[in-house]
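Below: one structure, written as structure tokens.
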Amino acid sequence: MTTRIGRDELARRIAADIPDGSYVNLGIGAPTLVAEYLPADQEIILHTENGLLGMGPAPAAGSVDPDLINAGKQAVTALPGAAYFHHADSFAMMRGGHLDVCVLGAFQVSETGDLANWSTGAPGAIPAVGGAMDLAIGAKAVYVMTDLLTKEGTSKLVTACDYPLTGVRCVSRVYTDHAVFDITDDGFAVRETFGDTTVDELERLTGLHLVDATREG
Amino acid sequence: MTTRIGRDELARRIAADIPDGSYVNLGIGAPTLVAEYLPADQEIILHTENGLLGMGPAPAAGSVDPDLINAGKQAVTALPGAAYFHHADSFAMMRGGHLDVCVLGAFQVSETGDLANWSTGAPGAIPAVGGAMDLAIGAKAVYVMTDLLTKEGTSKLVTACDYPLTGVRCVSRVYTDHAVFDITDDGFAVRETFGDTTVDELERLTGLHLVDATREG
Amino acid sequence: MIDKTVATVADAVAGIPDGATVMIGGFGRAGQPVELIDALIAGGAGDLTIVSNNAGNGDTGLAALLAARRVRRIICSFPRQHDSWVFDGLYRAGEIELELVPQGNLAERIRAAGAGIGAFFSPTGVGTELAAGKEERVIEGRRYVLEYPIRADVALVSALRADRWGNLVYRETARNFGPVMASAATTTIVQVDEVVPLGALDPETVVTPGLYVDRVVAVGSRPWLDGGEFVGGVDVEGRPLETPEAAR
Amino acid sequence: MIDKTVATVADAVAGIPDGATVMIGGFGRAGQPVELIDALIAGGAGDLTIVSNNAGNGDTGLAALLAARRVRRIICSFPRQHDSWVFDGLYRAGEIELELVPQGNLAERIRAAGAGIGAFFSPTGVGTELAAGKEERVIEGRRYVLEYPIRADVALVSALRADRWGNLVYRETARNFGPVMASAATTTIVQVDEVVPLGALDPETVVTPGLYVDRVVAVGSRPWLDGGEFVGGVDVEGRPLETPEAAR
């Protein structure tokens with residue numbers, strides 16, 4: 001199988017679904033890419049859980065400020081209109097459901113919307129959860145950005161997660177390199193396919209029964 | 001019976017017990033008087049639960065600021081070193097035990113330290129509690145400032161409160177016009193008497209068994 | 001582009017339906033969003049549940065809303081004041097319901113709603129009639145009662161300044177309930193003395209970040225301020241002092 | 001007269017005993033009170049329980065404390081980082097205990113300790129192994145787990161400026177855990193770049209009121225600041241950029 005769309009294209013695809021004026025948290029790793037594709041003529045306000053709303057892009061070299069970082073501990077900037085706050089206030093903001101969208105990576109997503117993205121559960125691995133569990137339950141819409149298949153070719157969309165859970169029934173939608181899936185009461189619904197991917201092929205790749213919602217909306 | 005010391009003298013007596021550097025909340029009414037007797041050469045920081053630490057005295061006429069009031073909704077000032085905060089932060093400060101002393105009025109105090117000061121429980125009365133219950137449990141030391149007797153001559157120090165409670169086992173010490181009482185495991189202990197008041201006389205006035213601790217410390 | 005400012009107080013309160021739960025900021029008169037309350041009265045919504053620390057002062061603001069018989073129920077800590085005659089009359093006549101909440105529990109329950117806390121154990125009120133019927137638990141030797149969040153359909157808040165993203169700064173003790181109420185309502189409506197350009201508020205000093213705010217309306221300076229600077233000349237209720245001339 | 005300032009970092013950390021629970025502010029390196037940690041190492045206290053978001057970066061600060069074998073147990077949300085080799089080695093060798101807490105629960109549990117909350121129901125972590133064994137409850141149809149306060153004997157916090165009453169302002173995202181940790185410890189010890197005169201901090205902008213602070217020590221500007229003004233010239237870890245000359 002070839003990957004249908006690249007990571008940047010996927011980031012652009014996700015960015016296109018985020019309405020103007022949204023408050024958004026982009027998880028560490030690939031989701032951070034989404035920021036680069038937010039339309040310049042819109043105001044989408046980025047939250048970083050370490051205490052900043054109105055996060056801007058990385059600073060120029062020489063202007064890196066170690067006091068101004070994102071959740072991935074990378075140097076960032078603050079836009080006009082930004083606000084700083086402490087960690088309890090920042091997570092209250094998430095836990096209270098005030099963010100519109102959160103984009104997260106995943107090891108697995110179940111057809112009921114369970115997310116596993118913090119631990120492989122491998123023996124000897126050093127566990128680290130950070131804000132993952134708070135992010136998973138803390139936005140009105142939780143989008144997952146991931147490859148459909150692992151490097152070994154197994155589906156990351158599953159009936160039930162094998163990996164340790166990050167959150168239960170928390171994912172709204174999964175953006176993969178092959179297709180976009182909504183979590184529905186009937187399980188995964190294919191909302192959009194990329195390239196010449198078909199729902200049949202997705203069923204074969206995932207081994208799941210999928211609802212075909214590509215003609216809707 | 002004559003009242004042994006006046007309200008101002010009592011306020012002065014309480015002020016003398018508050019150590020330099022203390023964080024103090026003075027309840028609405030008579031306890032507010034204590035502020036006038038805090039030594040000028042000390043820094044005792046006053047908290048008002050509507051969001052200010054470092055409260056200063058009333059402003060001059062013409063300089064009254066309706067945005068700067070105390071819990072009794074009287075105009076006050078803010079000293080250099082003051083800080084404003086919102087109501088949840090302000091009550092967190094109290095509930096978390098960060099104030100050293102709180103001085104409150106009382107209808108009744110029981111020998112186990114229960115306080116009744118917010119409601120007479122009279123039928124038809126309009127109830128209003130404000131911050132009374134938070135104050136009662138929210139300081140390291142809760143001092144009560146009150147007349148020993150009601151206008152009808154009955155003792156405000158009681159075995160158990162008849163009036164609706166403000167807080168349970170919360171009072172540390174009671175300053176009255178006749179004497180100062182500590183709440184101990186053995187009930188009220190007379191720590192200090194004013195004028196020629198004797199412990200025997202206090203027992204007669206209150207109808208309580210009192211520990212004589214006037215020779216201690 | 002985000003622009004939460006609206007032109008008039010009527011626009012600001014548009015759409016508040018009968019039966020809504022409305023939080024109203026302020027501690028007494030300090031920080032009470034009087035212009036928004038007047039607009040709410042003019043807008044006609046009734047059968048309201050109000051969440052506010054007090055139950056109105058004098059005949060203006062929240063007291064006027066009560067006098068207009070728009071309030072079915074009020075959740076507050078301190079209704080009875082020297083100038084709460086409107087509430088007092090309605091309460092004695094049995095024409096308004098009251099839920100009395102200790103002030104710190106009121107603030108924390110509102111915060112809990114905004115912060116996604118399902119419930120919390122508070123030491124305040126334990127053993128009193130205001131905790132009657134509430135779940136109690138001893139934790140590390142101390143008694144607590146379980147308190148639940150208070151949320152609202154609408155919050156009406158008064159702040160000093162806002163930008164078009166809805167970032168807010170307050171003034172002195174007028175801050176009081178504004179920040180927690182802004183976080184606990186589906187729609188947060190804010191009156192400010194002044195709307196300033198985006199970037200004019202120092203991000204270190206923003207008290208309520210804009211994500212909590214839905215609508216902002218500028219209503220002009222309080223009578224004791226001029227361009228945000230204190231000029232005085234009023235009593236604690238904000239009324240102009242009588243000048244020697246006027247007093248004659 | 002209140003003067004919480006002390007002359008040296010050694011004075012600031014004096015008296016921290018073996019076995020103490022110590023909160024250490026910072027998110028990664030931002031806001032990490034490195035000078036206080038160095039003083040804690042020099043002071044010799046061991047068998048410590050540390051509460052901090054991370055478990056040290058590189059070989060300095062908290063990582064150095066761990067490397068000096070002073071820490072028995074750490075409560076944190078994100079120990080594993082690209083530069084957490086000191087922690088990683090100790091953990092793999094079974095020489096340090098770890099309690100892993102989701103970041104928001106960590107912050108809220110610390111706040112709860114400072115705010116006198118006995119426990120609270122959080123939706124974070126529900127149904128995961130980090131909630132295993134915790135009390136669960138459904139409230140209004142949503143699942144929550146009961147979380148308890150985390151308190152400490154000592155908090156070590158880094159802020160930008162303080163006055164002699166201990167009022168604090170922070171800088172940018174270095175604020176992070178400072179305010180909640182300051183509220184949750186018996187003794188709160190703060191390093192600041194600069195102590196300013198009483199009254200120099202605007203009371204509207206104080207983030208941590210002085211009542212939460214016990215000791216303040218001035219340690220001088222961060223390398224990327226000059227008198228509080230950002231001058232840059234460092235990488236994200238705060239190390240000076242190589243100049244063209246130096247790079248040659």
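Chain identifiers are assigned as A, B, and so on, following the order in which chains appear in the structure tokens; residues are numbered from 1 within each chain, and ligands are numbered from 1 in order of appearance.
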Closest atom pairs, residues of chain A within 10 Å of chain C, only C-alpha atoms, as CSV:
```
residue,atom,partner,partner_atom,distance
A:Asp20,CA,C:Met1,CA,6.9
A:Gly21,CA,C:Ile2,CA,5.6
A:Ser22,CA,C:Leu211,CA,9.0
A:Tyr23,CA,C:Leu211,CA,7.1
A:Ala40,CA,C:Met1,CA,10.0
A:Asp41,CA,C:Met1,CA,7.3
A:Gln42,CA,C:Met1,CA,5.4
A:Glu43,CA,C:Met1,CA,4.9
A:Ile44,CA,C:Met1,CA,8.3
A:Ile45,CA,C:Leu211,CA,8.8
A:His47,CA,C:Leu211,CA,9.9
A:Leu52,CA,C:Pro203,CA,8.9
A:Leu53,CA,C:Pro209,CA,7.6
A:Gly54,CA,C:Pro203,CA,9.3
A:Ala78,CA,C:Pro203,CA,8.5
A:Leu79,CA,C:Gly199,CA,7.8
A:Pro80,CA,C:Gly199,CA,4.1
A:Gly81,CA,C:Gly199,CA,4.8
A:Ala82,CA,C:Pro203,CA,5.3
A:Ala83,CA,C:Pro203,CA,4.1
A:Tyr84,CA,C:Glu204,CA,5.5
A:Phe85,CA,C:Glu204,CA,7.8
A:Ala88,CA,C:Ala115,CA,9.1
A:Asp89,CA,C:Ala115,CA,8.0
A:Ser90,CA,C:Ala115,CA,9.3
A:Phe91,CA,C:Ala115,CA,7.7
A:Ala92,CA,C:Ala115,CA,4.1
A:Met93,CA,C:Ala115,CA,6.1
A:Met94,CA,C:Ala115,CA,7.7
A:Arg95,CA,C:Gly116,CA,4.9
A:Gly96,CA,C:Gly116,CA,3.8
A:Gly97,CA,C:Gly116,CA,7.0
A:His98,CA,C:Leu211,CA,7.0
A:Leu99,CA,C:Leu211,CA,7.8
A:Asp100,CA,C:Leu211,CA,9.7
A:Gly138,CA,C:Gly116,CA,8.7
```
Residues of chain C within 12 Å of chain D, using only C-alpha atoms, as a short mmCIF file (atom, residue, chain, number, x, y, z; two decimals) with all heavy atoms, in the first residue's frame?
```
data_model
loop_
_atom_site.label_atom_id
_atom_site.label_comp_id
_atom_site.auth_asym_id
_atom_site.auth_seq_id
_atom_site.Cartn_x
_atom_site.Cartn_y
_atom_site.Cartn_z
N GLY C 104 -17.93 31.57 49.69
CA GLY C 104 -16.80 30.85 49.12
C GLY C 104 -17.24 29.61 48.35
O GLY C 104 -16.65 29.27 47.32
N ASN C 105 -18.26 28.94 48.83
CA ASN C 105 -18.80 27.80 48.08
C ASN C 105 -19.46 28.29 46.79
O ASN C 105 -19.37 27.62 45.75
CB ASN C 105 -19.81 27.01 48.92
CG ASN C 105 -19.13 26.14 49.97
OD1 ASN C 105 -17.90 26.01 49.98
ND2 ASN C 105 -19.92 25.55 50.85
N GLU C 108 -16.57 28.96 44.43
CA GLU C 108 -15.89 27.72 44.03
C GLU C 108 -16.80 26.84 43.17
O GLU C 108 -16.32 26.16 42.25
CB GLU C 108 -15.39 26.96 45.26
CG GLU C 108 -14.48 25.78 44.97
CD GLU C 108 -13.08 26.15 44.50
OE1 GLU C 108 -12.72 27.35 44.55
OE2 GLU C 108 -12.36 25.24 44.06
N ARG C 109 -18.08 26.84 43.45
CA ARG C 109 -19.02 26.05 42.62
C ARG C 109 -19.10 26.63 41.21
O ARG C 109 -19.23 25.90 40.23
CB ARG C 109 -20.40 26.01 43.27
CG ARG C 109 -20.45 25.16 44.55
CD ARG C 109 -21.79 25.26 45.26
NE ARG C 109 -22.86 24.71 44.45
CZ ARG C 109 -24.16 24.79 44.76
NH1 ARG C 109 -24.53 25.41 45.90
NH2 ARG C 109 -25.07 24.26 43.99
N ALA C 112 -15.92 25.63 39.56
CA ALA C 112 -15.97 24.21 39.20
C ALA C 112 -16.70 24.00 37.88
O ALA C 112 -16.29 23.18 37.06
CB ALA C 112 -16.63 23.40 40.32
N ALA C 113 -17.78 24.75 37.70
CA ALA C 113 -18.53 24.63 36.44
C ALA C 113 -17.63 25.01 35.27
O ALA C 113 -17.60 24.33 34.24
CB ALA C 113 -19.76 25.53 36.48
N ALA C 115 -14.42 24.94 35.18
CA ALA C 115 -13.19 24.15 35.14
C ALA C 115 -13.43 22.67 34.90
O ALA C 115 -12.50 21.88 34.96
CB ALA C 115 -12.41 24.34 36.45
N GLY C 116 -14.68 22.28 34.65
CA GLY C 116 -14.96 20.88 34.35
C GLY C 116 -14.82 19.94 35.53
O GLY C 116 -14.58 18.75 35.35
N ILE C 117 -14.95 20.46 36.73
CA ILE C 117 -14.91 19.64 37.95
C ILE C 117 -16.32 19.13 38.22
O ILE C 117 -17.28 19.92 38.21
CB ILE C 117 -14.40 20.48 39.14
CG1 ILE C 117 -13.00 21.02 38.88
CG2 ILE C 117 -14.47 19.68 40.44
CD1 ILE C 117 -11.94 19.96 38.72
N GLY C 118 -16.45 17.83 38.43
CA GLY C 118 -17.79 17.26 38.61
C GLY C 118 -18.43 17.60 39.94
O GLY C 118 -19.65 17.76 40.05
N ALA C 119 -17.62 17.70 40.97
CA ALA C 119 -18.06 18.05 42.32
C ALA C 119 -16.80 18.12 43.17
O ALA C 119 -15.75 17.61 42.78
CB ALA C 119 -19.02 17.01 42.88
N PHE C 120 -16.91 18.76 44.34
CA PHE C 120 -15.73 18.88 45.19
C PHE C 120 -16.16 18.86 46.65
O PHE C 120 -17.28 19.25 47.00
CB PHE C 120 -14.93 20.15 44.87
CG PHE C 120 -15.70 21.43 45.08
CD1 PHE C 120 -15.64 22.11 46.30
CD2 PHE C 120 -16.49 21.96 44.07
CE1 PHE C 120 -16.36 23.28 46.50
CE2 PHE C 120 -17.21 23.14 44.26
CZ PHE C 120 -17.16 23.80 45.47
N PHE C 121 -15.24 18.41 47.49
CA PHE C 121 -15.49 18.38 48.92
C PHE C 121 -14.99 19.67 49.56
O PHE C 121 -13.80 19.97 49.52
CB PHE C 121 -14.81 17.16 49.55
CG PHE C 121 -15.54 15.88 49.27
CD1 PHE C 121 -15.08 15.00 48.31
CD2 PHE C 121 -16.71 15.57 49.96
CE1 PHE C 121 -15.77 13.81 48.04
CE2 PHE C 121 -17.40 14.40 49.70
CZ PHE C 121 -16.93 13.52 48.74
N SER C 122 -15.92 20.41 50.14
CA SER C 122 -15.61 21.69 50.78
C SER C 122 -15.78 21.59 52.29
O SER C 122 -16.74 20.99 52.77
CB SER C 122 -16.55 22.78 50.25
OG SER C 122 -16.40 23.97 51.00
N PRO C 123 -14.88 22.23 53.03
CA PRO C 123 -15.04 22.24 54.49
C PRO C 123 -16.02 23.32 54.96
O PRO C 123 -16.40 23.34 56.13
CB PRO C 123 -13.63 22.55 55.00
CG PRO C 123 -13.03 23.39 53.91
CD PRO C 123 -13.62 22.87 52.61
N THR C 124 -16.42 24.18 54.06
CA THR C 124 -17.27 25.30 54.45
C THR C 124 -18.72 24.87 54.58
O THR C 124 -19.27 24.27 53.65
CB THR C 124 -17.18 26.43 53.40
OG1 THR C 124 -15.82 26.87 53.33
CG2 THR C 124 -18.08 27.60 53.77
N GLU C 136 -21.68 14.06 53.10
CA GLU C 136 -20.56 14.47 53.93
C GLU C 136 -19.51 13.37 53.95
O GLU C 136 -19.83 12.18 53.84
CB GLU C 136 -21.05 14.75 55.36
CG GLU C 136 -20.00 15.41 56.23
CD GLU C 136 -20.50 15.77 57.63
OE1 GLU C 136 -21.65 16.22 57.75
OE2 GLU C 136 -19.72 15.59 58.57
N ARG C 137 -18.26 13.75 54.08
CA ARG C 137 -17.20 12.76 54.14
C ARG C 137 -16.05 13.30 54.99
O ARG C 137 -15.74 14.48 54.94
CB ARG C 137 -16.68 12.44 52.74
CG ARG C 137 -15.68 11.31 52.71
CD ARG C 137 -15.20 11.01 51.31
NE ARG C 137 -16.27 10.52 50.44
CZ ARG C 137 -16.03 9.81 49.33
NH1 ARG C 137 -14.78 9.53 48.97
NH2 ARG C 137 -17.02 9.40 48.58
N VAL C 138 -15.43 12.41 55.76
CA VAL C 138 -14.25 12.78 56.52
C VAL C 138 -13.02 12.39 55.71
O VAL C 138 -12.89 11.25 55.28
CB VAL C 138 -14.24 12.09 57.90
CG1 VAL C 138 -12.94 12.39 58.63
CG2 VAL C 138 -15.44 12.55 58.72
N ILE C 139 -12.17 13.35 55.44
CA ILE C 139 -10.94 13.11 54.68
C ILE C 139 -9.77 13.60 55.54
O ILE C 139 -9.74 14.75 55.94
CB ILE C 139 -10.96 13.87 53.33
CG1 ILE C 139 -12.15 13.40 52.48
CG2 ILE C 139 -9.64 13.67 52.58
CD1 ILE C 139 -12.40 14.26 51.25
N GLU C 140 -8.85 12.68 55.81
CA GLU C 140 -7.72 12.99 56.68
C GLU C 140 -8.16 13.70 57.96
O GLU C 140 -7.57 14.69 58.38
CB GLU C 140 -6.68 13.82 55.93
CG GLU C 140 -6.05 13.03 54.79
CD GLU C 140 -4.78 13.67 54.24
OE1 GLU C 140 -4.43 14.76 54.71
OE2 GLU C 140 -4.18 13.07 53.35
N GLY C 141 -9.24 13.21 58.53
CA GLY C 141 -9.69 13.69 59.83
C GLY C 141 -10.51 14.96 59.82
O GLY C 141 -10.95 15.44 60.85
N ARG C 142 -10.76 15.52 58.63
CA ARG C 142 -11.54 16.75 58.57
C ARG C 142 -12.86 16.46 57.85
O ARG C 142 -12.91 15.68 56.91
CB ARG C 142 -10.76 17.82 57.80
CG ARG C 142 -11.38 19.19 57.91
CD ARG C 142 -10.51 20.28 57.32
NE ARG C 142 -10.98 21.59 57.80
CZ ARG C 142 -10.65 22.74 57.29
NH1 ARG C 142 -9.80 22.81 56.29
NH2 ARG C 142 -11.14 23.87 57.77
N ARG C 143 -13.93 17.14 58.32
CA ARG C 143 -15.24 16.94 57.70
C ARG C 143 -15.42 17.86 56.49
O ARG C 143 -15.08 19.04 56.54
CB ARG C 143 -16.35 17.23 58.71
CG ARG C 143 -16.44 16.23 59.85
CD ARG C 143 -17.34 16.73 60.96
NE ARG C 143 -18.74 16.81 60.55
CZ ARG C 143 -19.70 17.39 61.28
NH1 ARG C 143 -19.40 17.94 62.45
NH2 ARG C 143 -20.94 17.41 60.85
N TYR C 144 -15.99 17.30 55.44
CA TYR C 144 -16.27 18.06 54.22
C TYR C 144 -17.68 17.74 53.73
O TYR C 144 -18.20 16.67 53.99
CB TYR C 144 -15.29 17.66 53.10
CG TYR C 144 -13.85 18.01 53.36
CD1 TYR C 144 -13.01 17.13 54.06
CD2 TYR C 144 -13.31 19.21 52.90
CE1 TYR C 144 -11.68 17.44 54.29
CE2 TYR C 144 -11.98 19.52 53.13
CZ TYR C 144 -11.16 18.63 53.83
OH TYR C 144 -9.85 18.93 54.05
N VAL C 145 -18.26 18.68 52.98
CA VAL C 145 -19.52 18.39 52.28
C VAL C 145 -19.26 18.46 50.78
O VAL C 145 -18.42 19.24 50.32
CB VAL C 145 -20.66 19.35 52.64
CG1 VAL C 145 -21.19 19.05 54.03
CG2 VAL C 145 -20.26 20.80 52.49
N LEU C 146 -20.01 17.66 50.05
CA LEU C 146 -19.84 17.61 48.59
C LEU C 146 -20.67 18.71 47.95
O LEU C 146 -21.88 18.81 48.16
CB LEU C 146 -20.27 16.24 48.08
CG LEU C 146 -19.94 15.96 46.61
CD1 LEU C 146 -18.44 15.98 46.35
CD2 LEU C 146 -20.52 14.61 46.18
N GLU C 147 -20.01 19.52 47.17
CA GLU C 147 -20.66 20.64 46.49
C GLU C 147 -20.56 20.46 44.98
O GLU C 147 -19.53 20.06 44.47
CB GLU C 147 -19.99 21.96 46.89
CG GLU C 147 -20.12 22.31 48.37
CD GLU C 147 -21.53 22.78 48.74
OE1 GLU C 147 -22.34 23.02 47.82
OE2 GLU C 147 -21.79 22.92 49.95
N TYR C 148 -21.65 20.81 44.30
CA TYR C 148 -21.73 20.62 42.85
C TYR C 148 -21.57 21.94 42.11
O TYR C 148 -21.85 23.01 42.66
CB TYR C 148 -23.08 19.98 42.51
CG TYR C 148 -23.16 18.55 42.97
CD1 TYR C 148 -23.64 18.23 44.23
CD2 TYR C 148 -22.70 17.52 42.15
CE1 TYR C 148 -23.69 16.92 44.67
CE2 TYR C 148 -22.75 16.20 42.58
CZ TYR C 148 -23.23 15.91 43.83
OH TYR C 148 -23.26 14.61 44.26
N PRO C 149 -21.17 21.86 40.85
CA PRO C 149 -20.98 23.08 40.04
C PRO C 149 -22.29 23.86 39.88
O PRO C 149 -23.37 23.28 39.88
CB PRO C 149 -20.53 22.54 38.69
CG PRO C 149 -20.06 21.15 38.93
CD PRO C 149 -20.82 20.63 40.10
N LEU C 160 -13.17 46.49 33.15
CA LEU C 160 -12.69 47.84 32.82
C LEU C 160 -12.43 47.99 31.33
O LEU C 160 -12.92 48.92 30.69
CB LEU C 160 -11.40 48.14 33.62
CG LEU C 160 -10.76 49.51 33.35
CD1 LEU C 160 -11.69 50.63 33.78
CD2 LEU C 160 -9.42 49.61 34.05
N VAL C 169 -9.52 43.03 31.41
CA VAL C 169 -8.92 43.43 32.69
C VAL C 169 -10.00 44.14 33.50
O VAL C 169 -10.90 44.77 32.95
CB VAL C 169 -7.68 44.33 32.53
CG1 VAL C 169 -6.55 43.57 31.85
CG2 VAL C 169 -8.00 45.61 31.78
N TYR C 170 -9.88 43.98 34.81
CA TYR C 170 -10.87 44.53 35.74
C TYR C 170 -10.22 45.68 36.51
O TYR C 170 -9.06 46.01 36.31
CB TYR C 170 -11.35 43.44 36.69
CG TYR C 170 -12.01 42.28 35.99
CD1 TYR C 170 -11.24 41.24 35.43
CD2 TYR C 170 -13.38 42.20 35.86
CE1 TYR C 170 -11.84 40.17 34.79
CE2 TYR C 170 -13.98 41.11 35.23
CZ TYR C 170 -13.21 40.11 34.69
OH TYR C 170 -13.80 39.04 34.07
N ARG C 171 -10.99 46.24 37.44
CA ARG C 171 -10.44 47.32 38.26
C ARG C 171 -10.72 47.04 39.74
O ARG C 171 -11.86 46.89 40.14
CB ARG C 171 -11.07 48.65 37.84
CG ARG C 171 -10.46 49.85 38.55
CD ARG C 171 -10.85 51.18 37.90
NE ARG C 171 -10.17 52.22 38.64
CZ ARG C 171 -10.68 52.79 39.74
NH1 ARG C 171 -11.87 52.46 40.17
NH2 ARG C 171 -9.98 53.68 40.40
N GLU C 172 -9.64 46.93 40.49
CA GLU C 172 -9.70 46.83 41.95
C GLU C 172 -10.67 45.72 42.39
O GLU C 172 -10.69 44.63 41.81
CB GLU C 172 -10.06 48.20 42.54
CG GLU C 172 -9.01 49.25 42.14
CD GLU C 172 -9.36 50.67 42.53
OE1 GLU C 172 -10.53 50.95 42.81
OE2 GLU C 172 -8.45 51.51 42.56
N THR C 173 -11.45 45.97 43.45
CA THR C 173 -12.33 44.91 43.94
C THR C 173 -13.59 44.74 43.09
O THR C 173 -14.44 43.90 43.43
CB THR C 173 -12.72 45.13 45.42
OG1 THR C 173 -13.38 46.39 45.54
CG2 THR C 173 -11.51 45.11 46.32
N ALA C 174 -13.69 45.48 42.00
CA ALA C 174 -14.78 45.21 41.05
C ALA C 174 -14.52 43.94 40.24
O ALA C 174 -15.38 43.50 39.50
CB ALA C 174 -14.97 46.41 40.12
N ARG C 175 -13.35 43.36 40.40
CA ARG C 175 -13.04 42.09 39.72
C ARG C 175 -13.96 40.99 40.25
O ARG C 175 -14.51 40.22 39.47
CB ARG C 175 -11.57 41.72 39.99
CG ARG C 175 -11.13 40.50 39.22
CD ARG C 175 -9.69 40.06 39.54
NE ARG C 175 -8.67 41.07 39.31
CZ ARG C 175 -7.36 40.82 39.28
NH1 ARG C 175 -6.92 39.57 39.43
NH2 ARG C 175 -6.47 41.78 39.10
N LEU C 201 -3.60 45.29 25.52
CA LEU C 201 -3.58 44.69 26.87
C LEU C 201 -2.32 43.83 26.99
O LEU C 201 -2.06 42.97 26.14
CB LEU C 201 -4.82 43.83 27.11
CG LEU C 201 -6.17 44.56 27.02
CD1 LEU C 201 -7.31 43.57 27.19
CD2 LEU C 201 -6.26 45.68 28.05
N ASP C 202 -1.55 44.07 28.03
CA ASP C 202 -0.36 43.27 28.30
C ASP C 202 -0.78 41.81 28.56
O ASP C 202 -1.58 41.56 29.46
CB ASP C 202 0.34 43.85 29.53
CG ASP C 202 1.60 43.11 29.93
OD1 ASP C 202 1.89 42.03 29.35
OD2 ASP C 202 2.31 43.60 30.82
N PRO C 203 -0.25 40.86 27.77
CA PRO C 203 -0.67 39.46 27.97
C PRO C 203 -0.35 38.90 29.36
O PRO C 203 -0.95 37.93 29.78
CB PRO C 203 0.10 38.69 26.88
CG PRO C 203 1.13 39.62 26.35
CD PRO C 203 0.67 41.01 26.64
N GLU C 204 0.57 39.54 30.08
CA GLU C 204 0.86 39.11 31.45
C GLU C 204 -0.25 39.51 32.42
O GLU C 204 -0.32 38.97 33.53
CB GLU C 204 2.17 39.76 31.96
CG GLU C 204 3.41 39.43 31.16
CD GLU C 204 3.96 38.04 31.44
OE1 GLU C 204 3.35 37.29 32.21
OE2 GLU C 204 5.00 37.72 30.83
N THR C 205 -1.07 40.48 32.03
CA THR C 205 -2.01 41.07 32.99
C THR C 205 -3.47 40.83 32.62
O THR C 205 -4.36 41.30 33.33
CB THR C 205 -1.77 42.59 33.12
OG1 THR C 205 -2.21 43.22 31.92
CG2 THR C 205 -0.31 42.90 33.36
N VAL C 206 -3.70 40.11 31.52
CA VAL C 206 -5.07 39.75 31.18
C VAL C 206 -5.61 38.85 32.29
O VAL C 206 -4.96 37.88 32.67
CB VAL C 206 -5.12 39.01 29.82
CG1 VAL C 206 -6.48 38.36 29.60
CG2 VAL C 206 -4.77 39.97 28.69
N VAL C 207 -6.77 39.16 32.81
CA VAL C 207 -7.34 38.36 33.89
C VAL C 207 -8.30 37.32 33.34
O VAL C 207 -8.27 36.16 33.74
CB VAL C 207 -8.03 39.26 34.94
CG1 VAL C 207 -8.77 38.43 35.98
CG2 VAL C 207 -7.00 40.17 35.61
#
```
Can you list, as a PyMOL selection string, every residue of stretch 38-203 of chain B that DSSP puts in strand (DSSP E or B)?
chain B and resi 45-48+52-56+69+75+77-84+99-104+108-110+115-116+139-145+149+155+157-158+167+173-175+179-184+187-193
Skipping near chain neighbours, those fewer than 2 positions away, what residues fall within 6 Å of stretch 208-214 of chain B using only C-alpha atoms, listed as a list of chain:residue names?
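So the residues in contact are B:Phe188, B:Ala189, B:Val190, B:Arg191, B:Glu192, B:Glu203, B:Thr206, B:Glu216.
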Stretch 5-12 of chain C environment, 12 Å, only C-alpha atoms, sequence neighbours closer than 5 positions dropped, as a ChimeraX atom specification
/C:33-44,154-157,161-167,187-192,194-198,210,213-220
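Computed from the coordinates, the atom CA of D:Phe87 to atom CA of D:Ala55 distance equals 6.2 Å.
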Using only C-alpha atoms, which residue out of A:Ile69, A:Ala11, A:Val24, A:Val171 lies closest to D:Phe27?
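Between A:Ile69, A:Ala11, A:Val24, A:Val171, the residue approaching D:Phe27 most closely is A:Ile69.
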I need the alpha helix (DSSP H) residues of stretch 34-193 of chain A per DSSP on the backbone, written as a list of chain:residue names.
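Taking stretch 34-193 of chain A and keeping alpha helix (DSSP H) gives A:His87, A:Ala88, A:Asp89, A:Ser90, A:Phe91, A:Ala92, A:Met93, A:Met94, A:Arg95, A:Ala132, A:Met133, A:Asp134, A:Leu135, A:Ala136, A:Ile137.
Going from atom CA of D:Asp18 to atom CA of D:Leu98 covers 18.5 Å.
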Determine, counting only C-alpha atoms, which protein, DNA and RNA residues have an atom within 7 Å of an atom of B:Ala132; residues of the same chain fewer than 4 positions away are not included. Present the result as an NGL selection string.
:B and (118 or 136 or 166)
Can you write just those residues out, N, CA and C atoms, as a compact mmCIF listing (two decimals), in the first residue's frame?
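Here's the written file part_32.txt:
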```txt
# COMPACT_ATOMS: atom_id res chain seq x y z
N TRP B 118 -24.62 33.93 62.16
CA TRP B 118 -25.17 34.39 60.88
C TRP B 118 -26.69 34.48 60.87
N ALA B 136 -15.31 31.39 59.20
CA ALA B 136 -15.30 30.63 60.46
C ALA B 136 -14.33 29.45 60.40
N THR B 166 -22.70 28.56 62.40
CA THR B 166 -21.88 29.09 61.30
C THR B 166 -20.75 28.11 60.99
```
